[in-house]
$ cat final10.cif   # mmCIF, C-alpha atoms and all ligand atoms
data_query
#
loop_
_atom_site.group_PDB
_atom_site.id
_atom_site.type_symbol
_atom_site.label_atom_id
_atom_site.label_comp_id
_atom_site.auth_asym_id
_atom_site.auth_seq_id
_atom_site.Cartn_x
_atom_site.Cartn_y
_atom_site.Cartn_z
ATOM 1 C CA MET A 1 -29.149 29.856 161.597
ATOM 2 C CA THR A 2 -30.807 27.722 158.902
ATOM 3 C CA LYS A 3 -32.037 29.881 156.034
ATOM 4 C CA SER A 4 -35.628 29.591 154.852
ATOM 5 C CA ILE A 5 -37.098 30.012 151.402
ATOM 6 C CA PHE A 6 -40.724 30.312 150.230
ATOM 7 C CA ILE A 7 -41.443 29.194 146.656
ATOM 8 C CA THR A 8 -44.648 29.398 144.612
ATOM 9 C CA GLY A 9 -45.720 26.886 141.966
ATOM 10 C CA THR A 10 -43.710 23.869 143.181
ATOM 11 C CA SER A 11 -46.012 21.184 141.754
ATOM 12 C CA SER A 12 -43.834 20.897 138.623
ATOM 13 C CA GLY A 13 -41.014 22.321 136.524
ATOM 14 C CA LEU A 14 -38.671 24.982 137.769
ATOM 15 C CA GLY A 15 -40.452 25.482 141.100
ATOM 16 C CA ARG A 16 -40.140 21.809 141.913
ATOM 17 C CA HIS A 17 -36.434 21.663 140.900
ATOM 18 C CA THR A 18 -35.807 24.739 143.041
ATOM 19 C CA ALA A 19 -37.611 23.349 146.100
ATOM 20 C CA LEU A 20 -35.676 20.070 145.975
ATOM 21 C CA HIS A 21 -32.363 21.830 145.351
ATOM 22 C CA PHE A 22 -32.675 24.181 148.318
ATOM 23 C CA ALA A 23 -33.834 21.357 150.610
ATOM 24 C CA ARG A 24 -30.742 19.344 149.586
ATOM 25 C CA GLN A 25 -28.589 22.407 150.350
ATOM 26 C CA GLY A 26 -29.967 22.391 153.901
ATOM 27 C CA TRP A 27 -32.468 25.236 153.606
ATOM 28 C CA ASN A 28 -35.940 25.135 155.120
ATOM 29 C CA VAL A 29 -38.353 25.203 152.196
ATOM 30 C CA ALA A 30 -41.971 26.370 152.207
ATOM 31 C CA ALA A 31 -43.077 24.697 148.971
ATOM 32 C CA THR A 32 -46.412 26.093 147.915
ATOM 33 C CA MET A 33 -48.815 24.755 145.302
ATOM 34 C CA ARG A 34 -52.475 24.743 144.426
ATOM 35 C CA LYS A 35 -53.047 21.087 145.335
ATOM 36 C CA PRO A 36 -50.637 19.967 148.071
ATOM 37 C CA GLU A 37 -52.985 17.054 148.848
ATOM 38 C CA GLN A 38 -51.872 15.436 145.559
ATOM 39 C CA GLU A 39 -48.149 15.783 146.230
ATOM 40 C CA THR A 40 -46.241 12.644 147.164
ATOM 41 C CA GLU A 41 -42.540 13.377 146.582
ATOM 42 C CA LEU A 42 -41.841 16.775 148.159
ATOM 43 C CA SER A 43 -43.895 15.853 151.229
ATOM 44 C CA LYS A 44 -41.379 13.100 152.062
ATOM 45 C CA HIS A 45 -38.519 15.568 152.484
ATOM 46 C CA GLU A 46 -37.941 16.569 156.102
ATOM 47 C CA ARG A 47 -36.842 20.114 155.217
ATOM 48 C CA ILE A 48 -39.863 20.808 153.021
ATOM 49 C CA ARG A 49 -43.144 22.129 154.383
ATOM 50 C CA LEU A 50 -45.979 21.889 151.849
ATOM 51 C CA LEU A 51 -48.468 24.743 151.852
ATOM 52 C CA LYS A 52 -51.570 25.384 149.807
ATOM 53 C CA LEU A 53 -51.416 28.479 147.641
ATOM 54 C CA ASP A 54 -53.235 29.634 144.556
ATOM 55 C CA VAL A 55 -51.315 32.861 143.960
ATOM 56 C CA THR A 56 -54.357 34.619 142.502
ATOM 57 C CA ASP A 57 -56.013 34.485 145.936
ATOM 58 C CA SER A 58 -54.645 37.244 148.182
ATOM 59 C CA ALA A 59 -56.203 35.763 151.348
ATOM 60 C CA GLN A 60 -54.502 32.430 150.623
ATOM 61 C CA ALA A 61 -51.213 34.257 150.032
ATOM 62 C CA ARG A 62 -51.486 35.862 153.476
ATOM 63 C CA ALA A 63 -52.409 32.537 155.109
ATOM 64 C CA ALA A 64 -49.516 30.672 153.423
ATOM 65 C CA THR A 65 -47.111 33.457 154.408
ATOM 66 C CA GLU A 66 -48.200 33.300 158.041
ATOM 67 C CA ALA A 67 -47.967 29.488 158.072
ATOM 68 C CA ALA A 68 -44.440 29.575 156.600
ATOM 69 C CA ILE A 69 -43.230 32.179 159.108
ATOM 70 C CA GLU A 70 -44.763 30.188 161.948
ATOM 71 C CA ALA A 71 -43.129 26.972 160.702
ATOM 72 C CA PHE A 72 -39.608 28.370 160.264
ATOM 73 C CA GLY A 73 -39.478 31.477 162.486
ATOM 74 C CA GLN A 74 -38.643 33.718 159.572
ATOM 75 C CA ILE A 75 -38.407 33.641 155.787
ATOM 76 C CA ASP A 76 -35.253 34.970 154.122
ATOM 77 C CA VAL A 77 -36.054 34.521 150.440
ATOM 78 C CA VAL A 78 -39.290 34.406 148.446
ATOM 79 C CA VAL A 79 -39.297 32.994 144.909
ATOM 80 C CA ASN A 80 -42.243 34.092 142.774
ATOM 81 C CA ASN A 81 -42.134 31.226 140.314
ATOM 82 C CA ALA A 82 -45.761 30.223 139.635
ATOM 83 C CA GLY A 83 -46.674 31.127 136.091
ATOM 84 C CA ALA A 84 -48.851 30.241 133.157
ATOM 85 C CA GLY A 85 -48.827 30.900 129.421
ATOM 86 C CA SER A 86 -51.417 31.935 126.877
ATOM 87 C CA TYR A 87 -50.737 31.947 123.131
ATOM 88 C CA GLY A 88 -52.779 32.404 120.005
ATOM 89 C CA PRO A 89 -54.210 35.524 118.350
ATOM 90 C CA LEU A 90 -55.332 38.171 120.814
ATOM 91 C CA GLU A 91 -58.524 38.524 118.764
ATOM 92 C CA PHE A 92 -59.569 34.993 119.766
ATOM 93 C CA ALA A 93 -58.674 35.119 123.454
ATOM 94 C CA GLU A 94 -61.527 34.543 125.897
ATOM 95 C CA GLU A 95 -62.107 37.289 128.452
ATOM 96 C CA HIS A 96 -61.179 34.917 131.285
ATOM 97 C CA THR A 97 -57.943 33.939 129.507
ATOM 98 C CA ILE A 98 -56.845 37.571 129.263
ATOM 99 C CA ASP A 99 -57.669 38.237 132.910
ATOM 100 C CA GLY A 100 -56.222 34.882 133.954
ATOM 101 C CA GLN A 101 -52.878 35.596 132.316
ATOM 102 C CA PHE A 102 -52.583 38.794 134.294
ATOM 103 C CA ALA A 103 -53.984 37.184 137.458
ATOM 104 C CA VAL A 104 -51.351 34.437 137.656
ATOM 105 C CA ASN A 105 -48.244 36.148 136.282
ATOM 106 C CA VAL A 106 -48.699 39.655 137.701
ATOM 107 C CA ARG A 107 -51.395 39.731 140.361
ATOM 108 C CA GLY A 108 -49.879 36.512 141.797
ATOM 109 C CA PRO A 109 -46.474 38.041 142.581
ATOM 110 C CA ILE A 110 -48.236 41.205 143.823
ATOM 111 C CA ASN A 111 -50.287 39.115 146.290
ATOM 112 C CA VAL A 112 -47.236 37.242 147.550
ATOM 113 C CA ILE A 113 -45.025 40.336 147.802
ATOM 114 C CA ARG A 114 -47.725 42.256 149.689
ATOM 115 C CA ALA A 115 -48.209 39.328 152.064
ATOM 116 C CA PHE A 116 -44.470 39.243 152.883
ATOM 117 C CA LEU A 117 -43.796 42.985 153.090
ATOM 118 C CA PRO A 118 -44.773 43.444 156.757
ATOM 119 C CA HIS A 119 -42.392 40.589 157.708
ATOM 120 C CA PHE A 120 -39.495 41.876 155.584
ATOM 121 C CA ARG A 121 -40.057 45.532 156.525
ATOM 122 C CA GLU A 122 -40.029 44.719 160.260
ATOM 123 C CA ARG A 123 -36.904 42.546 159.863
ATOM 124 C CA LYS A 124 -35.289 45.213 157.673
ATOM 125 C CA GLY A 125 -34.275 42.533 155.231
ATOM 126 C CA GLY A 126 -35.464 39.901 152.807
ATOM 127 C CA ARG A 127 -35.189 39.016 149.181
ATOM 128 C CA PHE A 128 -37.756 38.560 146.417
ATOM 129 C CA ILE A 129 -36.570 36.548 143.399
ATOM 130 C CA ASN A 130 -39.061 36.825 140.572
ATOM 131 C CA ILE A 131 -39.134 34.371 137.682
ATOM 132 C CA SER A 132 -39.801 36.373 134.555
ATOM 133 C CA SER A 133 -38.729 35.138 131.098
ATOM 134 C CA PHE A 134 -36.741 36.284 128.086
ATOM 135 C CA MET A 135 -40.318 37.102 126.961
ATOM 136 C CA GLY A 136 -40.320 39.711 129.746
ATOM 137 C CA VAL A 137 -37.547 41.701 128.088
ATOM 138 C CA THR A 138 -38.108 41.062 124.423
ATOM 139 C CA THR A 139 -40.745 39.783 122.021
ATOM 140 C CA ALA A 140 -39.874 36.861 119.782
ATOM 141 C CA VAL A 141 -42.843 34.537 119.483
ATOM 142 C CA PRO A 142 -45.815 35.774 117.412
ATOM 143 C CA THR A 143 -49.195 35.351 119.133
ATOM 144 C CA GLY A 144 -47.450 35.473 122.508
ATOM 145 C CA SER A 145 -48.548 39.035 123.234
ATOM 146 C CA LEU A 146 -50.535 38.186 126.374
ATOM 147 C CA TYR A 147 -47.618 36.278 127.867
ATOM 148 C CA ASN A 148 -45.292 39.145 126.855
ATOM 149 C CA MET A 149 -47.708 41.602 128.464
ATOM 150 C CA SER A 150 -47.701 39.690 131.737
ATOM 151 C CA LYS A 151 -43.930 39.272 131.985
ATOM 152 C CA PHE A 152 -43.193 42.859 130.828
ATOM 153 C CA ALA A 153 -45.647 43.955 133.543
ATOM 154 C CA LEU A 154 -43.837 41.827 136.110
ATOM 155 C CA GLU A 155 -40.540 43.444 135.087
ATOM 156 C CA GLY A 156 -42.080 46.920 135.473
ATOM 157 C CA LEU A 157 -43.617 46.041 138.813
ATOM 158 C CA ILE A 158 -40.336 44.810 140.258
ATOM 159 C CA GLU A 159 -38.241 47.658 138.839
ATOM 160 C CA GLY A 160 -40.733 50.226 140.120
ATOM 161 C CA LEU A 161 -40.845 48.628 143.558
ATOM 162 C CA TYR A 162 -37.080 48.809 143.937
ATOM 163 C CA TYR A 163 -37.155 52.416 145.127
ATOM 164 C CA GLU A 164 -39.693 51.989 147.911
ATOM 165 C CA LEU A 165 -38.126 48.811 149.298
ATOM 166 C CA LYS A 166 -34.485 49.903 149.155
ATOM 167 C CA PRO A 167 -34.710 51.857 152.476
ATOM 168 C CA PHE A 168 -35.778 48.638 154.208
ATOM 169 C CA ASN A 169 -32.887 46.576 152.817
ATOM 170 C CA ILE A 170 -35.319 44.421 150.851
ATOM 171 C CA ASP A 171 -33.720 43.061 147.674
ATOM 172 C CA LEU A 172 -35.523 42.479 144.401
ATOM 173 C CA HIS A 173 -34.284 40.362 141.512
ATOM 174 C CA LEU A 174 -35.605 39.204 138.155
ATOM 175 C CA VAL A 175 -34.572 35.931 136.516
ATOM 176 C CA GLU A 176 -35.222 35.669 132.774
ATOM 177 C CA PRO A 177 -34.949 32.065 131.581
ATOM 178 C CA GLY A 178 -35.673 30.517 128.223
ATOM 179 C CA GLY A 179 -37.072 27.052 127.674
ATOM 180 C CA PHE A 180 -35.382 24.271 129.583
ATOM 181 C CA LYS A 181 -35.095 20.511 129.150
ATOM 182 C CA GLY A 182 -37.945 18.465 130.567
ATOM 183 C CA ASN A 183 -40.224 21.477 131.017
ATOM 184 C CA ARG A 184 -43.954 20.907 130.641
ATOM 185 C CA PHE A 185 -44.898 24.566 130.414
ATOM 186 C CA VAL A 186 -46.048 24.291 126.794
ATOM 187 C CA GLU A 187 -48.394 21.397 127.632
ATOM 188 C CA LYS A 188 -50.292 23.688 130.002
ATOM 189 C CA VAL A 189 -50.364 26.693 127.668
ATOM 190 C CA VAL A 190 -53.820 27.980 126.746
ATOM 191 C CA PHE A 191 -54.019 28.346 122.938
ATOM 192 C CA ASN A 192 -56.545 30.918 121.782
ATOM 193 C CA THR A 193 -58.350 29.591 118.722
ATOM 194 C CA HIS A 194 -61.431 30.299 116.602
ATOM 195 C CA PRO A 195 -63.606 27.552 115.087
ATOM 196 C CA ASP A 196 -64.113 29.338 111.720
ATOM 197 C CA ILE A 197 -61.599 32.091 111.083
ATOM 198 C CA ARG A 198 -58.541 30.707 109.276
ATOM 199 C CA ASP A 199 -56.700 33.965 108.509
ATOM 200 C CA TYR A 200 -54.071 33.462 111.206
ATOM 201 C CA ASP A 201 -53.478 29.782 110.407
ATOM 202 C CA PRO A 202 -50.187 30.170 108.489
ATOM 203 C CA LEU A 203 -48.696 32.071 111.421
ATOM 204 C CA ILE A 204 -50.229 29.808 114.059
ATOM 205 C CA ASP A 205 -48.861 26.727 112.278
ATOM 206 C CA LYS A 206 -45.340 28.155 112.332
ATOM 207 C CA VAL A 207 -45.579 29.141 115.997
ATOM 208 C CA ASN A 208 -46.974 25.736 116.933
ATOM 209 C CA ALA A 209 -44.211 24.005 114.983
ATOM 210 C CA LEU A 210 -41.635 26.050 116.890
ATOM 211 C CA MET A 211 -43.212 25.450 120.301
ATOM 212 C CA MET A 212 -43.875 21.758 119.795
ATOM 213 C CA ALA A 213 -40.574 20.992 118.058
ATOM 214 C CA GLY A 214 -38.817 20.829 121.420
ATOM 215 C CA ASP A 215 -35.446 21.498 119.761
ATOM 216 C CA GLU A 216 -33.248 20.125 122.546
ATOM 217 C CA SER A 217 -30.253 22.148 121.387
ATOM 218 C CA ARG A 218 -32.148 25.374 122.233
ATOM 219 C CA LEU A 219 -33.216 24.134 125.665
ATOM 220 C CA ASP A 220 -31.152 24.715 128.784
ATOM 221 C CA ASP A 221 -30.442 22.406 131.677
ATOM 222 C CA PRO A 222 -32.904 23.494 134.412
ATOM 223 C CA GLN A 223 -30.042 23.234 136.917
ATOM 224 C CA LEU A 224 -28.498 26.293 135.204
ATOM 225 C CA ILE A 225 -31.531 28.327 136.249
ATOM 226 C CA VAL A 226 -31.674 26.815 139.733
ATOM 227 C CA ASP A 227 -27.969 27.649 140.220
ATOM 228 C CA GLU A 228 -28.701 31.280 139.324
ATOM 229 C CA ILE A 229 -31.578 31.321 141.814
ATOM 230 C CA GLU A 230 -29.217 29.968 144.483
ATOM 231 C CA ALA A 231 -26.574 32.575 143.597
ATOM 232 C CA LEU A 232 -29.196 35.301 144.055
ATOM 233 C CA ALA A 233 -30.621 33.765 147.243
ATOM 234 C CA THR A 234 -27.188 33.626 148.869
ATOM 235 C CA GLY A 235 -26.104 37.080 147.647
ATOM 236 C CA ARG A 236 -23.324 35.712 145.401
ATOM 237 C CA ASN A 237 -25.126 37.279 142.455
ATOM 238 C CA ARG A 238 -26.359 40.790 143.224
ATOM 239 C CA ARG A 239 -27.562 41.606 139.707
ATOM 240 C CA PHE A 240 -31.044 43.052 139.385
ATOM 241 C CA ARG A 241 -31.704 41.153 136.130
ATOM 242 C CA THR A 242 -30.282 37.723 135.335
ATOM 243 C CA LEU A 243 -30.876 36.525 131.794
ATOM 244 C CA VAL A 244 -30.275 32.772 131.680
ATOM 245 C CA GLY A 245 -29.742 30.601 128.651
ATOM 246 C CA LYS A 246 -29.076 30.561 124.940
ATOM 247 C CA THR A 247 -32.424 31.820 123.632
ATOM 248 C CA GLY A 248 -32.521 34.984 125.689
ATOM 249 C CA ARG A 249 -28.844 35.778 125.199
ATOM 250 C CA ASP A 250 -29.052 35.465 121.391
ATOM 251 C CA LEU A 251 -32.254 37.487 121.139
ATOM 252 C CA MET A 252 -31.030 40.268 123.420
ATOM 253 C CA ALA A 253 -27.740 40.494 121.509
ATOM 254 C CA MET A 254 -29.720 40.810 118.281
ATOM 255 C CA ARG A 255 -32.056 43.385 119.788
ATOM 256 C CA ALA A 256 -29.126 45.469 121.049
ATOM 257 C CA SER A 257 -27.419 45.357 117.661
ATOM 258 C CA MET A 258 -30.162 47.039 115.606
ATOM 259 C CA PRO A 259 -32.986 49.566 115.799
ATOM 260 C CA ILE A 260 -36.228 48.161 117.226
ATOM 261 C CA GLU A 261 -37.957 48.493 113.824
ATOM 262 C CA ASP A 262 -35.327 46.206 112.272
ATOM 263 C CA TYR A 263 -35.551 43.752 115.154
ATOM 264 C CA LEU A 264 -39.341 43.502 114.826
ATOM 265 C CA SER A 265 -39.249 43.008 111.058
ATOM 266 C CA THR A 266 -36.430 40.428 111.299
ATOM 267 C CA ILE A 267 -38.436 38.354 113.787
ATOM 268 C CA ALA A 268 -41.605 38.765 111.688
ATOM 269 C CA LYS A 269 -39.739 37.647 108.532
ATOM 270 C CA SER A 270 -38.572 34.483 110.279
ATOM 271 C CA PHE A 271 -42.245 33.509 110.659
ATOM 272 C CA ALA A 272 -43.356 34.695 107.198
HETATM 273 N N1 LIG B 1 -40.742 26.621 130.579
HETATM 274 C C1 LIG B 1 -40.388 27.708 129.904
HETATM 275 O O1 LIG B 1 -40.186 27.671 128.688
HETATM 276 C C2 LIG B 1 -40.204 29.010 130.640
HETATM 277 C C3 LIG B 1 -39.374 29.978 130.064
HETATM 278 C C4 LIG B 1 -39.209 31.198 130.726
HETATM 279 C C5 LIG B 1 -39.864 31.425 131.922
HETATM 280 N N2 LIG B 1 -40.677 30.474 132.462
HETATM 281 C C6 LIG B 1 -41.344 30.777 133.725
HETATM 282 O O2 LIG B 1 -40.878 29.871 134.708
HETATM 283 C C7 LIG B 1 -41.870 29.736 135.717
HETATM 284 C C8 LIG B 1 -42.094 28.258 135.999
HETATM 285 O O3 LIG B 1 -42.638 27.651 134.849
HETATM 286 P P1 LIG B 1 -42.262 26.154 134.413
HETATM 287 O O4 LIG B 1 -41.577 26.247 133.123
HETATM 288 O O5 LIG B 1 -41.633 25.420 135.529
HETATM 289 O O6 LIG B 1 -43.732 25.592 134.068
HETATM 290 P P2 LIG B 1 -44.692 24.576 134.841
HETATM 291 O O7 LIG B 1 -44.035 23.264 135.004
HETATM 292 O O8 LIG B 1 -45.996 24.654 134.107
HETATM 293 O O9 LIG B 1 -44.850 25.220 136.280
HETATM 294 C C9 LIG B 1 -45.700 26.278 136.548
HETATM 295 C C10 LIG B 1 -46.092 26.195 138.002
HETATM 296 O O10 LIG B 1 -46.941 27.314 138.293
HETATM 297 C C11 LIG B 1 -48.087 26.794 138.943
HETATM 298 N N3 LIG B 1 -49.253 27.626 138.826
HETATM 299 C C12 LIG B 1 -49.975 27.970 137.724
HETATM 300 N N4 LIG B 1 -51.021 28.739 138.093
HETATM 301 C C13 LIG B 1 -50.958 28.888 139.441
HETATM 302 C C14 LIG B 1 -51.734 29.558 140.411
HETATM 303 N N5 LIG B 1 -52.832 30.270 140.073
HETATM 304 N N6 LIG B 1 -51.353 29.508 141.713
HETATM 305 C C15 LIG B 1 -50.266 28.806 142.066
HETATM 306 N N7 LIG B 1 -49.504 28.113 141.220
HETATM 307 C C16 LIG B 1 -49.845 28.167 139.906
HETATM 308 C C17 LIG B 1 -48.312 25.419 138.346
HETATM 309 O O11 LIG B 1 -49.158 24.693 139.207
HETATM 310 P P3 LIG B 1 -50.347 23.705 138.738
HETATM 311 O O12 LIG B 1 -49.697 22.356 138.652
HETATM 312 O O13 LIG B 1 -51.343 23.826 139.836
HETATM 313 O O14 LIG B 1 -50.847 24.210 137.410
HETATM 314 C C18 LIG B 1 -46.880 24.920 138.320
HETATM 315 O O15 LIG B 1 -46.493 24.455 139.580
HETATM 316 C C19 LIG B 1 -43.104 30.480 135.211
HETATM 317 O O16 LIG B 1 -43.189 31.740 135.830
HETATM 318 C C20 LIG B 1 -42.842 30.616 133.727
HETATM 319 O O17 LIG B 1 -43.524 31.730 133.184
HETATM 320 C C21 LIG B 1 -40.854 29.267 131.851
#
$ encode --input "final10.cif" --output "structure tokens" --more "lines below"
Ligand SMILES: NC(=O)c1ccc[n+]([C@@H]2O[C@H](COP(=O)([O-])OP(=O)(O)OC[C@H]3O[C@@H](n4cnc5c(N)ncnc54)[C@H](OP(=O)(O)O)[C@@H]3O)[C@@H](O)[C@H]2O)c1
Amino acid sequence: MTKSIFITGTSSGLGRHTALHFARQGWNVAATMRKPEQETELSKHERIRLLKLDVTDSAQARAATEAAIEAFGQIDVVVNNAGAGSYGPLEFAEEHTIDGQFAVNVRGPINVIRAFLPHFRERKGGRFINISSFMGVTTAVPTGSLYNMSKFALEGLIEGLYYELKPFNIDLHLVEPGGFKGNRFVEKVVFNTHPDIRDYDPLIDKVNALMMAGDESRLDDPQLIVDEIEALATGRNRRFRTLVGKTGRDLMAMRASMPIEDYLSTIAKSFA
């Protein structure tokens, strides 16, 4: 039987690569996005069904889930990919930015997982693949605390859920990528700023230089990440956490090699 996958945030980046890859591999793909009416490429693919979904809206998550199950009979794998970033000093963040960071990166996966649980529980099977980040397992970019918060929360959510879903044969996985070539994530990042206060400027300038530099040698081929998602979707990789790419590997090796106090001060010094 043809396998079916449901993916959030397929309008660009990793979600889009993943949708196209699985369709080429012969899977049915429910490709969800906020504005499917603007999509022209994915809609041409016969294996892809476009569905409207803003992950922060739990009613829309339920409607998209029902539409995907109706279209394909059942869904085998759900990829919680939709995500957004917020950087800049916490002190300057707008209330809606703080709530929005949580709403997309944490509440979003919660909405989608809750929408699919009745289906997976009744089938006694199913797989949730959740796109976290190396920023979900370590800190490394000053002024990224809200993004760290959201991805650490996602990691905690998924790890905590493991126990209650295990009896139903529902698998949970976390994928922790770093930056990848061609990604436009940074362009959409919300930068928290203040019109008058300049105290954080030296730090902000260094963070901006790092984020905008686009050092290609630090960026991974997105296919690397998509291949890991496929390995998880097909059961070839059964790991709970999959850290992908150079950035995450180097940082986690450093973090494991020293006490946390030393790790924090080493990272801080590199931005001093
Ligand atoms: N790029 C990186 O450096 C990097 C590194 C590690 C992890 N990640 C993670 O990888 C995932 C994919 O990011 P990406 O790099 O491919 O960035 P991207 O190109 O900006 O893609 C993000 C996707 O999420 C969607 N999205 C944002 N808010 C949404 C909402 N409320 N409801 C539904 N969809 C929403 C965007 O849709 P719109 O077009 O409607 O905004 C877009 O399709 C994210 O979870 C991100 O945190 C990225």
$ closest_residue --input "final10.cif" --among "A:Leu165, A:Ile204, A:Ala63, A:Ile229" --to "Leu90 in chain A" --atoms "all atoms listed in the file"
A:Ile204
$ residues_near_ligand --input "final10.cif" --ligand "ligand LIG 1 (chain B)" --cutoff "8 Å" --atoms "all atoms listed in the file" --output "VMD selection string"
chain A and resid 8 to 16 32 to 35 53 to 57 80 to 85 103 to 105 108 131 to 135 151 176 to 180 183 to 188
$ resolve_selection --input "final10.cif" --expression "the PyMOL selection byres (((chain A and resi 3) around 8) and not hetatm)" --output "compact mmCIF listing (two decimals) with C-alpha atoms, in the coordinates of the input"
# COMPACT_ATOMS: atom_id res chain seq x y z
CA MET A 1 -29.15 29.86 161.60
CA THR A 2 -30.81 27.72 158.90
CA SER A 4 -35.63 29.59 154.85
CA ILE A 5 -37.10 30.01 151.40
CA TRP A 27 -32.47 25.24 153.61
CA ASN A 28 -35.94 25.14 155.12
CA ILE A 75 -38.41 33.64 155.79
CA ASP A 76 -35.25 34.97 154.12
$ closest_residue --input "final10.cif" --among "A:Asp220, A:Asn148, A:Thr143, A:Ser43" --to "Phe102 in chain A" --atoms "only C-alpha atoms"
A:Asn148
$ resolve_selection --input "final10.cif" --expression "the PyMOL selection byres (((chain A and resi 47) around 6) and not hetatm)" --output "mmCIF file with C-alpha atoms, in the coordinates of the input"
data_model
loop_
_atom_site.group_PDB
_atom_site.id
_atom_site.type_symbol
_atom_site.label_atom_id
_atom_site.label_comp_id
_atom_site.auth_asym_id
_atom_site.auth_seq_id
_atom_site.Cartn_x
_atom_site.Cartn_y
_atom_site.Cartn_z
ATOM 1 C CA ALA A 23 -33.834 21.357 150.610
ATOM 2 C CA ASN A 28 -35.940 25.135 155.120
ATOM 3 C CA HIS A 45 -38.519 15.568 152.484
ATOM 4 C CA GLU A 46 -37.941 16.569 156.102
ATOM 5 C CA ILE A 48 -39.863 20.808 153.021
#
$ residues_near_point --input "final10.cif" --point "(-48.3, 26.9, 117.9)" --cutoff "12 Å" --atoms "all atoms listed in the file" --output "PyMOL selection string"
chain A and resi 86-89+141-144+186-187+189-193+200-214+271
$ atom_distance --input "final10.cif" --atom1 "CA of Ile225 in chain A" --atom2 "CA of Lys52 in chain A"
24.4 Å
$ decode --input "final10.cif" --residues "range 192-197 of chain A" --atoms "all heavy atoms" --output "PDB file, in the first residue's frame"
ATOM      1  N   ASN A 192      14.357  41.576  17.428  1.00  0.00           N
ATOM      2  CA  ASN A 192      13.847  42.480  18.453  1.00  0.00           C
ATOM      3  C   ASN A 192      14.826  43.638  18.622  1.00  0.00           C
ATOM      4  O   ASN A 192      15.994  43.420  18.921  1.00  0.00           O
ATOM      5  CB  ASN A 192      13.697  41.727  19.784  1.00  0.00           C
ATOM      6  CG  ASN A 192      12.909  40.450  19.602  1.00  0.00           C
ATOM      7  OD1 ASN A 192      11.814  40.472  19.053  1.00  0.00           O
ATOM      8  ND2 ASN A 192      13.478  39.333  20.024  1.00  0.00           N
ATOM      9  N   THR A 193      14.345  44.838  18.422  1.00  0.00           N
ATOM     10  CA  THR A 193      15.227  46.013  18.492  1.00  0.00           C
ATOM     11  C   THR A 193      14.595  47.099  19.364  1.00  0.00           C
ATOM     12  O   THR A 193      13.409  47.032  19.691  1.00  0.00           O
ATOM     13  CB  THR A 193      15.448  46.618  17.088  1.00  0.00           C
ATOM     14  OG1 THR A 193      14.165  46.916  16.541  1.00  0.00           O
ATOM     15  CG2 THR A 193      16.193  45.665  16.172  1.00  0.00           C
ATOM     16  N   HIS A 194      15.394  48.097  19.702  1.00  0.00           N
ATOM     17  CA  HIS A 194      14.897  49.266  20.441  1.00  0.00           C
ATOM     18  C   HIS A 194      15.394  50.514  19.731  1.00  0.00           C
ATOM     19  O   HIS A 194      16.565  50.563  19.319  1.00  0.00           O
ATOM     20  CB  HIS A 194      15.392  49.229  21.889  1.00  0.00           C
ATOM     21  CG  HIS A 194      14.692  50.197  22.770  1.00  0.00           C
ATOM     22  ND1 HIS A 194      14.960  51.546  22.750  1.00  0.00           N
ATOM     23  CD2 HIS A 194      13.706  50.013  23.691  1.00  0.00           C
ATOM     24  CE1 HIS A 194      14.175  52.156  23.622  1.00  0.00           C
ATOM     25  NE2 HIS A 194      13.396  51.251  24.207  1.00  0.00           N
ATOM     26  N   PRO A 195      14.544  51.536  19.563  1.00  0.00           N
ATOM     27  CA  PRO A 195      14.974  52.710  18.795  1.00  0.00           C
ATOM     28  C   PRO A 195      16.078  53.518  19.486  1.00  0.00           C
ATOM     29  O   PRO A 195      16.865  54.187  18.802  1.00  0.00           O
ATOM     30  CB  PRO A 195      13.695  53.552  18.668  1.00  0.00           C
ATOM     31  CG  PRO A 195      12.770  53.049  19.728  1.00  0.00           C
ATOM     32  CD  PRO A 195      13.137  51.623  19.977  1.00  0.00           C
ATOM     33  N   ASP A 196      16.172  53.465  20.820  1.00  0.00           N
ATOM     34  CA  ASP A 196      17.115  54.348  21.536  1.00  0.00           C
ATOM     35  C   ASP A 196      18.238  53.616  22.264  1.00  0.00           C
ATOM     36  O   ASP A 196      19.359  54.115  22.311  1.00  0.00           O
ATOM     37  CB  ASP A 196      16.362  55.211  22.570  1.00  0.00           C
ATOM     38  CG  ASP A 196      15.186  55.915  21.921  1.00  0.00           C
ATOM     39  OD1 ASP A 196      15.390  56.440  20.809  1.00  0.00           O
ATOM     40  OD2 ASP A 196      14.078  55.884  22.485  1.00  0.00           O
ATOM     41  N   ILE A 197      17.911  52.500  22.880  1.00  0.00           N
ATOM     42  CA  ILE A 197      18.923  51.851  23.729  1.00  0.00           C
ATOM     43  C   ILE A 197      19.983  51.181  22.854  1.00  0.00           C
ATOM     44  O   ILE A 197      19.663  50.351  21.994  1.00  0.00           O
ATOM     45  CB  ILE A 197      18.268  50.815  24.671  1.00  0.00           C
ATOM     46  CG1 ILE A 197      17.236  51.522  25.561  1.00  0.00           C
ATOM     47  CG2 ILE A 197      19.323  50.104  25.518  1.00  0.00           C
ATOM     48  CD1 ILE A 197      16.409  50.593  26.420  1.00  0.00           C
TER      49      ILE A 197
END
